[in-house]
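Trainee: Can you keep this structure in mind? I'll have questions shortly.
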Amino acid sequence: MTDLPTMPVPVTIKAIVEETPSIRTFYFDPAIPSSPGQFVMVWVPGVDEIPMALSSEYSITVQRVGDATAAMFKLAVGDKLGIRGPLGNGFAVSGRTLAIGGGVGVAPLLNLVTAGEVSTFLLGARTKDELLFAPVIASACSLRIATDDGTAGLHGFVTDLMDEIDLADYDHICVCGPEIMMVKVLDRLNKAGLAERGQFSLHRYMKCGLGICGSCSMDPRGLRVCRDGPVFTGIDLLETEFGKYTRDATGSRVHFPPLHPEKKDEKSGE
């Protein structure tokens, strides 16, 4: 068994970039070498430790959604964070890869893009101003955009862009975003007989990140997002709680809105 980091490494914030009105990227030193899709536990001194996807080996991209991220948004260059990781598994790709990202869920897919592993990227957001990393993605692969309000690209949901391509042309389909979005992607892949090609990066409440506490376990098989994921194949997620509910800090179920009528929530959580 691979040794897992149990203590955070102190890192210094070197730059803060406002990507959208609600999302910032924090660049830090030293770097945290990782595979695309792995995550870290970020300790905000005096506040909390929360899971975060790496957008590069020296950055995390953060949406303000709770106490810990609100505290991060008050930090400045020169301040410190504690980072424990990398943790979990990542995306495993070869051949032609389709990436589908929504909101801040684009962050863990960015490493695939910059590594030259993505052929086509379907990018979604509520509005043009919330599109994340669009110029970087467009410079590396074919980019298609959808916005809820029609201010950029297709007027609709990122899943609607799936109707414009032949999914069977891709060996791997890597997905991250709001879970209500991802379950719709899985539904389309399953109906096309391509669920095994899907790789989905999940977010769950985590306390330890080491597979010990069980706070991120998923019904009914007890899969732990921190150790068995955060990336799961579509086959792994069929007949699970995926898209139905998550749990809060007390372990109580938090249900998602029904799939129909279609609604989209770009908030993917801390």
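Identifiers in this document derive from the order of the structure tokens: chains are assigned A, B, ..., residues are numbered from 1 separately in each chain, and ligands are numbered from 1 in order of occurrence.
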Residues within 9 Å of region 156-173 of chain A, please, as a PyMOL selection string. Count only C-alpha atoms; anything in the same chain fewer than 6 positions from it doesn't count.
Mentor: chain A and resi 92-102+119+122-126+144-150+181-182+184-185+188-189+192+194+196-200+264
Trainee: What does the file look like for those residues with C-alpha atoms, as a PDB file, in the first residue's frame?
Mentor:
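Saved result, again01.pdb, follows:
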ATOM      1  CA  ALA A  92      -6.583   7.260 -17.155  1.00  0.00           C
ATOM      2  CA  VAL A  93      -6.684   8.117 -20.856  1.00  0.00           C
ATOM      3  CA  SER A  94      -5.202   7.137 -24.191  1.00  0.00           C
ATOM      4  CA  GLY A  95      -6.281   7.659 -27.770  1.00  0.00           C
ATOM      5  CA  ARG A  96      -9.036  10.232 -28.356  1.00  0.00           C
ATOM      6  CA  THR A  97     -10.452  11.876 -25.230  1.00  0.00           C
ATOM      7  CA  LEU A  98     -13.573  13.987 -24.827  1.00  0.00           C
ATOM      8  CA  ALA A  99     -13.710  16.239 -21.752  1.00  0.00           C
ATOM      9  CA  ILE A 100     -16.967  17.660 -20.397  1.00  0.00           C
ATOM     10  CA  GLY A 101     -16.768  20.316 -17.686  1.00  0.00           C
ATOM     11  CA  GLY A 102     -19.138  22.685 -15.938  1.00  0.00           C
ATOM     12  CA  SER A 119      -9.242  16.120 -28.401  1.00  0.00           C
ATOM     13  CA  LEU A 122     -17.442  20.655 -24.013  1.00  0.00           C
ATOM     14  CA  LEU A 123     -17.504  23.622 -21.621  1.00  0.00           C
ATOM     15  CA  GLY A 124     -20.575  24.867 -19.771  1.00  0.00           C
ATOM     16  CA  ALA A 125     -21.442  27.706 -17.409  1.00  0.00           C
ATOM     17  CA  ARG A 126     -24.428  29.766 -16.361  1.00  0.00           C
ATOM     18  CA  ARG A 144     -17.476  23.915 -27.772  1.00  0.00           C
ATOM     19  CA  ILE A 145     -19.344  26.151 -25.336  1.00  0.00           C
ATOM     20  CA  ALA A 146     -22.843  26.251 -23.866  1.00  0.00           C
ATOM     21  CA  THR A 147     -24.268  28.815 -21.468  1.00  0.00           C
ATOM     22  CA  ASP A 148     -27.576  28.710 -19.656  1.00  0.00           C
ATOM     23  CA  ASP A 149     -28.446  32.263 -20.702  1.00  0.00           C
ATOM     24  CA  GLY A 150     -27.083  32.107 -24.244  1.00  0.00           C
ATOM     25  CA  MET A 181     -24.902  17.686 -14.764  1.00  0.00           C
ATOM     26  CA  MET A 182     -22.685  14.624 -14.547  1.00  0.00           C
ATOM     27  CA  LYS A 184     -27.192  13.505 -17.141  1.00  0.00           C
ATOM     28  CA  VAL A 185     -23.946  12.815 -18.999  1.00  0.00           C
ATOM     29  CA  ARG A 188     -26.711   9.667 -22.168  1.00  0.00           C
ATOM     30  CA  LEU A 189     -23.603   7.487 -22.227  1.00  0.00           C
ATOM     31  CA  ALA A 192     -25.595   4.846 -26.035  1.00  0.00           C
ATOM     32  CA  LEU A 194     -20.808   3.750 -23.690  1.00  0.00           C
ATOM     33  CA  GLU A 196     -17.654   2.123 -19.545  1.00  0.00           C
ATOM     34  CA  ARG A 197     -15.872   4.918 -21.442  1.00  0.00           C
ATOM     35  CA  GLY A 198     -16.980   7.552 -18.944  1.00  0.00           C
ATOM     36  CA  GLN A 199     -14.710   8.750 -16.136  1.00  0.00           C
ATOM     37  CA  PHE A 200     -16.415  10.981 -13.573  1.00  0.00           C
ATOM     38  CA  LYS A 264     -28.696  22.980 -13.409  1.00  0.00           C
TER      39      LYS A 264
END
Trainee: I need the residues of region 140-268 of chain A that end up classed as strand (DSSP E) by DSSP on the backbone, written out as an NGL selection string.
Mentor: :A and (142-147 or 154-155 or 172-176 or 198-201 or 217-218 or 223-224 or 231-233 or 245-247 or 253-255)
Trainee: Can you list every residue in region 48-165 of chain A that DSSP puts in alpha helix (DSSP H), as a list in words?
Mentor: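 Taking region 48-165 of chain A and keeping alpha helix (DSSP H) only, one gets Asp67, Ala68, Thr69, Ala70, Ala71, Met72, Ala107, Pro108, Leu109, Leu110, Asn111, Leu112, Val113, Thr114, Ala134, Pro135, Val136, Ile137 and Ala138 of chain A.
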Trainee: Given the selection you just returned, output its residues as a file containing N, CA and C atoms, formatted as a short mmCIF file (atom, residue, chain, number, x, y, z; two decimals), in the first residue's frame.
Mentor:
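Result file follows (out10.cif):
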data_model
loop_
_atom_site.label_atom_id
_atom_site.label_comp_id
_atom_site.auth_asym_id
_atom_site.auth_seq_id
_atom_site.Cartn_x
_atom_site.Cartn_y
_atom_site.Cartn_z
N ASP A 67 -17.59 28.57 4.41
CA ASP A 67 -16.72 29.30 5.34
C ASP A 67 -15.25 29.22 4.95
N ALA A 68 -14.78 28.01 4.60
CA ALA A 68 -13.36 27.83 4.30
C ALA A 68 -12.97 28.58 3.03
N THR A 69 -13.78 28.47 1.99
CA THR A 69 -13.44 29.18 0.76
C THR A 69 -13.60 30.69 0.93
N ALA A 70 -14.55 31.13 1.75
CA ALA A 70 -14.68 32.56 2.03
C ALA A 70 -13.42 33.07 2.72
N ALA A 71 -12.87 32.26 3.63
CA ALA A 71 -11.63 32.64 4.31
C ALA A 71 -10.47 32.68 3.32
N MET A 72 -10.46 31.75 2.38
CA MET A 72 -9.39 31.75 1.37
C MET A 72 -9.45 33.02 0.52
N ALA A 107 -11.70 22.67 -13.38
CA ALA A 107 -10.35 22.72 -12.82
C ALA A 107 -9.59 21.40 -12.89
N PRO A 108 -10.14 20.26 -12.40
CA PRO A 108 -9.37 19.02 -12.46
C PRO A 108 -9.17 18.48 -13.87
N LEU A 109 -9.94 19.00 -14.85
CA LEU A 109 -9.76 18.59 -16.24
C LEU A 109 -8.65 19.37 -16.93
N LEU A 110 -8.25 20.49 -16.33
CA LEU A 110 -7.28 21.37 -16.99
C LEU A 110 -5.94 20.67 -17.21
N ASN A 111 -5.51 19.84 -16.25
CA ASN A 111 -4.24 19.14 -16.40
C ASN A 111 -4.25 18.22 -17.61
N LEU A 112 -5.41 17.62 -17.90
CA LEU A 112 -5.51 16.78 -19.11
C LEU A 112 -5.32 17.63 -20.36
N VAL A 113 -5.91 18.82 -20.34
CA VAL A 113 -5.82 19.72 -21.49
C VAL A 113 -4.37 20.15 -21.73
N THR A 114 -3.72 20.63 -20.69
CA THR A 114 -2.35 21.14 -20.84
C THR A 114 -1.35 20.04 -21.15
N ALA A 134 -11.50 29.13 -20.67
CA ALA A 134 -11.85 28.96 -22.09
C ALA A 134 -10.68 29.27 -23.03
N PRO A 135 -9.93 30.37 -22.86
CA PRO A 135 -8.82 30.64 -23.79
C PRO A 135 -7.74 29.56 -23.76
N VAL A 136 -7.42 29.07 -22.57
CA VAL A 136 -6.39 28.03 -22.45
C VAL A 136 -6.86 26.75 -23.15
N ILE A 137 -8.11 26.38 -22.94
CA ILE A 137 -8.65 25.17 -23.56
C ILE A 137 -8.68 25.32 -25.07
N ALA A 138 -9.14 26.46 -25.56
CA ALA A 138 -9.26 26.68 -27.00
C ALA A 138 -7.91 26.62 -27.71
#
Trainee: Neighbouring residues of Ile16 (chain A) were defined as those with any atom within 8 Å, considering only C-alpha atoms; residues of the same chain fewer than 6 positions away were excluded. Please report them as a PyMOL selection string.
Mentor: chain A and resi 24-27+76-77
Trainee: Output N, CA and C atoms of each residue in that selection to a file, as a PDB file, in the first residue's frame.
Mentor:
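Generated file (again-v6.pdb):
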ATOM      1  N   ARG A  24     -11.447  31.895  -8.112  1.00  0.00           N
ATOM      2  CA  ARG A  24     -10.072  32.373  -8.130  1.00  0.00           C
ATOM      3  C   ARG A  24      -9.111  31.194  -8.162  1.00  0.00           C
ATOM      4  N   THR A  25      -7.961  31.405  -8.788  1.00  0.00           N
ATOM      5  CA  THR A  25      -6.886  30.420  -8.763  1.00  0.00           C
ATOM      6  C   THR A  25      -5.784  30.919  -7.847  1.00  0.00           C
ATOM      7  N   PHE A  26      -5.365  30.059  -6.932  1.00  0.00           N
ATOM      8  CA  PHE A  26      -4.289  30.361  -5.989  1.00  0.00           C
ATOM      9  C   PHE A  26      -3.047  29.581  -6.422  1.00  0.00           C
ATOM     10  N   TYR A  27      -2.009  30.311  -6.816  1.00  0.00           N
ATOM     11  CA  TYR A  27      -0.744  29.692  -7.192  1.00  0.00           C
ATOM     12  C   TYR A  27       0.172  29.662  -5.970  1.00  0.00           C
ATOM     13  N   ALA A  76      -3.943  36.798   0.917  1.00  0.00           N
ATOM     14  CA  ALA A  76      -3.168  37.629   0.004  1.00  0.00           C
ATOM     15  C   ALA A  76      -1.874  36.913  -0.360  1.00  0.00           C
ATOM     16  N   VAL A  77      -1.200  37.424  -1.383  1.00  0.00           N
ATOM     17  CA  VAL A  77       0.104  36.897  -1.759  1.00  0.00           C
ATOM     18  C   VAL A  77       1.041  36.967  -0.557  1.00  0.00           C
TER      19      VAL A  77
END
Trainee: Which residues are close to region 233-243 of chain A, i.e. within 12 Å by only C-alpha atoms, leaving aside same-chain residues fewer than 3 positions away? Reply as a PyMOL selection string.
Mentor: chain A and resi 89-93+172-175+177-191+193-204+216-225+228-230+246-247+253-259
Trainee: Taking 2 positions as the minimum chain separation for residues in the same chain, which residues sit within 7 Å of Lys128 (chain A) when counting only C-alpha atoms? Answer as a PDB file with N, CA, C and O atoms, in the first residue's frame.
Mentor:
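In the end it all went to selection.pdb:
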ATOM      1  N   GLU A 130     -18.840  33.424 -16.419  1.00  0.00           N
ATOM      2  CA  GLU A 130     -18.471  32.323 -15.537  1.00  0.00           C
ATOM      3  C   GLU A 130     -17.745  31.195 -16.266  1.00  0.00           C
ATOM      4  O   GLU A 130     -17.416  30.179 -15.661  1.00  0.00           O
ATOM      5  N   LEU A 131     -17.489  31.345 -17.567  1.00  0.00           N
ATOM      6  CA  LEU A 131     -16.737  30.325 -18.301  1.00  0.00           C
ATOM      7  C   LEU A 131     -15.304  30.282 -17.787  1.00  0.00           C
ATOM      8  O   LEU A 131     -14.627  31.302 -17.713  1.00  0.00           O
ATOM      9  N   THR A 147     -23.931  28.030 -22.657  1.00  0.00           N
ATOM     10  CA  THR A 147     -24.268  28.815 -21.468  1.00  0.00           C
ATOM     11  C   THR A 147     -25.774  28.792 -21.258  1.00  0.00           C
ATOM     12  O   THR A 147     -26.555  28.790 -22.213  1.00  0.00           O
ATOM     13  N   THR A 151     -25.374  33.703 -23.524  1.00  0.00           N
ATOM     14  CA  THR A 151     -24.440  34.810 -23.743  1.00  0.00           C
ATOM     15  C   THR A 151     -23.162  34.368 -24.460  1.00  0.00           C
ATOM     16  O   THR A 151     -22.389  35.207 -24.913  1.00  0.00           O
ATOM     17  N   ALA A 152     -22.914  33.064 -24.539  1.00  0.00           N
ATOM     18  CA  ALA A 152     -21.775  32.538 -25.299  1.00  0.00           C
ATOM     19  C   ALA A 152     -22.110  31.126 -25.747  1.00  0.00           C
ATOM     20  O   ALA A 152     -22.711  30.352 -24.999  1.00  0.00           O
TER      21      ALA A 152
END
Trainee: A:Ala249, A:Leu87, A:Ala140, A:Val11: which is nearest Met206 (chain A), counting only C-alpha atoms?
Mentor: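 Nearest to Met206 (chain A): A:Ala249.
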Trainee: With distances taken over only C-alpha atoms, which of A:Val17, A:Val42, A:Ile32, A:Ala115 is nearest to Glu57 (chain A)?
Mentor: A:Ile32
Trainee: Could you pull the residues within 10 Å of Lys80 (chain A), counting only C-alpha atoms, minus those fewer than 4 positions along the same chain, as an mmCIF file with all heavy atoms, in the first residue's frame?
Mentor:
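Result went into selection_37.cif, see below:
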data_model
loop_
_atom_site.group_PDB
_atom_site.id
_atom_site.type_symbol
_atom_site.label_atom_id
_atom_site.label_comp_id
_atom_site.auth_asym_id
_atom_site.auth_seq_id
_atom_site.Cartn_x
_atom_site.Cartn_y
_atom_site.Cartn_z
ATOM 1 N N PRO A 10 3.359 23.024 4.372
ATOM 2 C CA PRO A 10 3.089 24.463 4.240
ATOM 3 C C PRO A 10 3.506 24.967 2.872
ATOM 4 O O PRO A 10 4.603 24.672 2.386
ATOM 5 C CB PRO A 10 3.944 25.083 5.354
ATOM 6 C CG PRO A 10 5.021 24.077 5.623
ATOM 7 C CD PRO A 10 4.431 22.735 5.345
ATOM 8 N N VAL A 11 2.623 25.715 2.228
ATOM 9 C CA VAL A 11 2.938 26.331 0.935
ATOM 10 C C VAL A 11 2.659 27.821 1.043
ATOM 11 O O VAL A 11 1.815 28.263 1.837
ATOM 12 C CB VAL A 11 2.114 25.716 -0.214
ATOM 13 C CG1 VAL A 11 2.386 24.228 -0.333
ATOM 14 C CG2 VAL A 11 0.623 25.975 -0.049
ATOM 15 N N THR A 12 3.365 28.591 0.239
ATOM 16 C CA THR A 12 3.218 30.044 0.227
ATOM 17 C C THR A 12 2.485 30.479 -1.038
ATOM 18 O O THR A 12 2.821 30.034 -2.145
ATOM 19 C CB THR A 12 4.593 30.728 0.277
ATOM 20 O OG1 THR A 12 5.292 30.294 1.450
ATOM 21 C CG2 THR A 12 4.437 32.235 0.321
ATOM 22 N N ILE A 13 1.485 31.309 -0.877
ATOM 23 C CA ILE A 13 0.736 31.813 -2.026
ATOM 24 C C ILE A 13 1.613 32.818 -2.786
ATOM 25 O O ILE A 13 2.089 33.806 -2.225
ATOM 26 C CB ILE A 13 -0.566 32.494 -1.575
ATOM 27 C CG1 ILE A 13 -1.480 31.468 -0.887
ATOM 28 C CG2 ILE A 13 -1.285 33.126 -2.770
ATOM 29 C CD1 ILE A 13 -2.714 32.083 -0.256
ATOM 30 N N LYS A 14 1.812 32.523 -4.078
ATOM 31 C CA LYS A 14 2.664 33.358 -4.918
ATOM 32 C C LYS A 14 1.872 34.300 -5.819
ATOM 33 O O LYS A 14 2.373 35.358 -6.225
ATOM 34 C CB LYS A 14 3.572 32.476 -5.779
ATOM 35 C CG LYS A 14 4.591 31.674 -4.978
ATOM 36 C CD LYS A 14 5.540 32.591 -4.232
ATOM 37 C CE LYS A 14 6.640 31.835 -3.511
ATOM 38 N NZ LYS A 14 7.570 32.743 -2.797
ATOM 39 N N PHE A 28 0.846 28.538 -5.768
ATOM 40 C CA PHE A 28 1.624 28.368 -4.543
ATOM 41 C C PHE A 28 2.974 27.730 -4.826
ATOM 42 O O PHE A 28 3.232 27.204 -5.913
ATOM 43 C CB PHE A 28 0.840 27.529 -3.529
ATOM 44 C CG PHE A 28 0.354 26.204 -4.067
ATOM 45 C CD1 PHE A 28 1.211 25.119 -4.215
ATOM 46 C CD2 PHE A 28 -0.971 26.043 -4.442
ATOM 47 C CE1 PHE A 28 0.779 23.915 -4.710
ATOM 48 C CE2 PHE A 28 -1.432 24.833 -4.948
ATOM 49 C CZ PHE A 28 -0.549 23.757 -5.083
ATOM 50 N N ASP A 29 3.814 27.761 -3.855
ATOM 51 C CA ASP A 29 5.142 27.143 -3.885
ATOM 52 C C ASP A 29 5.421 26.539 -2.499
ATOM 53 O O ASP A 29 5.111 27.187 -1.492
ATOM 54 C CB ASP A 29 6.205 28.193 -4.229
ATOM 55 C CG ASP A 29 7.593 27.597 -4.390
ATOM 56 O OD1 ASP A 29 7.787 26.803 -5.325
ATOM 57 O OD2 ASP A 29 8.453 27.916 -3.544
ATOM 58 N N TRP A 43 -5.653 22.876 4.084
ATOM 59 C CA TRP A 43 -5.859 23.383 5.444
ATOM 60 C C TRP A 43 -5.785 24.904 5.420
ATOM 61 O O TRP A 43 -4.766 25.484 5.056
ATOM 62 C CB TRP A 43 -4.813 22.814 6.387
ATOM 63 C CG TRP A 43 -4.896 23.379 7.776
ATOM 64 C CD1 TRP A 43 -5.999 23.456 8.570
ATOM 65 C CD2 TRP A 43 -3.818 23.935 8.538
ATOM 66 N NE1 TRP A 43 -5.692 24.039 9.783
ATOM 67 C CE2 TRP A 43 -4.358 24.335 9.792
ATOM 68 C CE3 TRP A 43 -2.464 24.131 8.295
ATOM 69 C CZ2 TRP A 43 -3.571 24.927 10.788
ATOM 70 C CZ3 TRP A 43 -1.676 24.713 9.280
ATOM 71 C CH2 TRP A 43 -2.242 25.112 10.517
ATOM 72 N N VAL A 44 -6.904 25.520 5.767
ATOM 73 C CA VAL A 44 -6.959 26.971 5.923
ATOM 74 C C VAL A 44 -6.773 27.242 7.415
ATOM 75 O O VAL A 44 -7.677 26.953 8.207
ATOM 76 C CB VAL A 44 -8.298 27.540 5.423
ATOM 77 C CG1 VAL A 44 -8.276 29.059 5.481
ATOM 78 C CG2 VAL A 44 -8.605 27.050 4.017
ATOM 79 N N PRO A 45 -5.606 27.737 7.845
ATOM 80 C CA PRO A 45 -5.311 27.859 9.275
ATOM 81 C C PRO A 45 -6.404 28.582 10.049
ATOM 82 O O PRO A 45 -6.878 29.644 9.651
ATOM 83 C CB PRO A 45 -3.993 28.657 9.287
ATOM 84 C CG PRO A 45 -3.338 28.304 7.991
ATOM 85 C CD PRO A 45 -4.468 28.178 7.005
ATOM 86 N N LEU A 75 -7.340 35.817 1.710
ATOM 87 C CA LEU A 75 -5.890 35.670 1.753
ATOM 88 C C LEU A 75 -5.224 36.540 0.702
ATOM 89 O O LEU A 75 -5.837 36.937 -0.293
ATOM 90 C CB LEU A 75 -5.505 34.207 1.544
ATOM 91 C CG LEU A 75 -5.998 33.220 2.605
ATOM 92 C CD1 LEU A 75 -5.614 31.795 2.216
ATOM 93 C CD2 LEU A 75 -5.437 33.572 3.979
ATOM 94 N N ALA A 76 -3.943 36.798 0.917
ATOM 95 C CA ALA A 76 -3.168 37.629 0.004
ATOM 96 C C ALA A 76 -1.874 36.913 -0.360
ATOM 97 O O ALA A 76 -1.480 35.920 0.272
ATOM 98 C CB ALA A 76 -2.859 38.986 0.654
#
Trainee: Report, in Å to a single decimal, how far apart CA of Ser22 (chain A) and CA of Lys74 (chain A) are.
Mentor: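 Separation between CA of Lys74 (chain A) and CA of Ser22 (chain A): 13.1 Å.
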Trainee: Point out the residue among A:Ile23, A:Ile83, A:Leu54, A:Cys176 with the least atom-to-atom distance to Val9 (chain A), counting only C-alpha atoms.
Mentor: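 Comparing A:Ile23, A:Ile83, A:Leu54, A:Cys176 against Val9 (chain A), the winner is A:Ile83.
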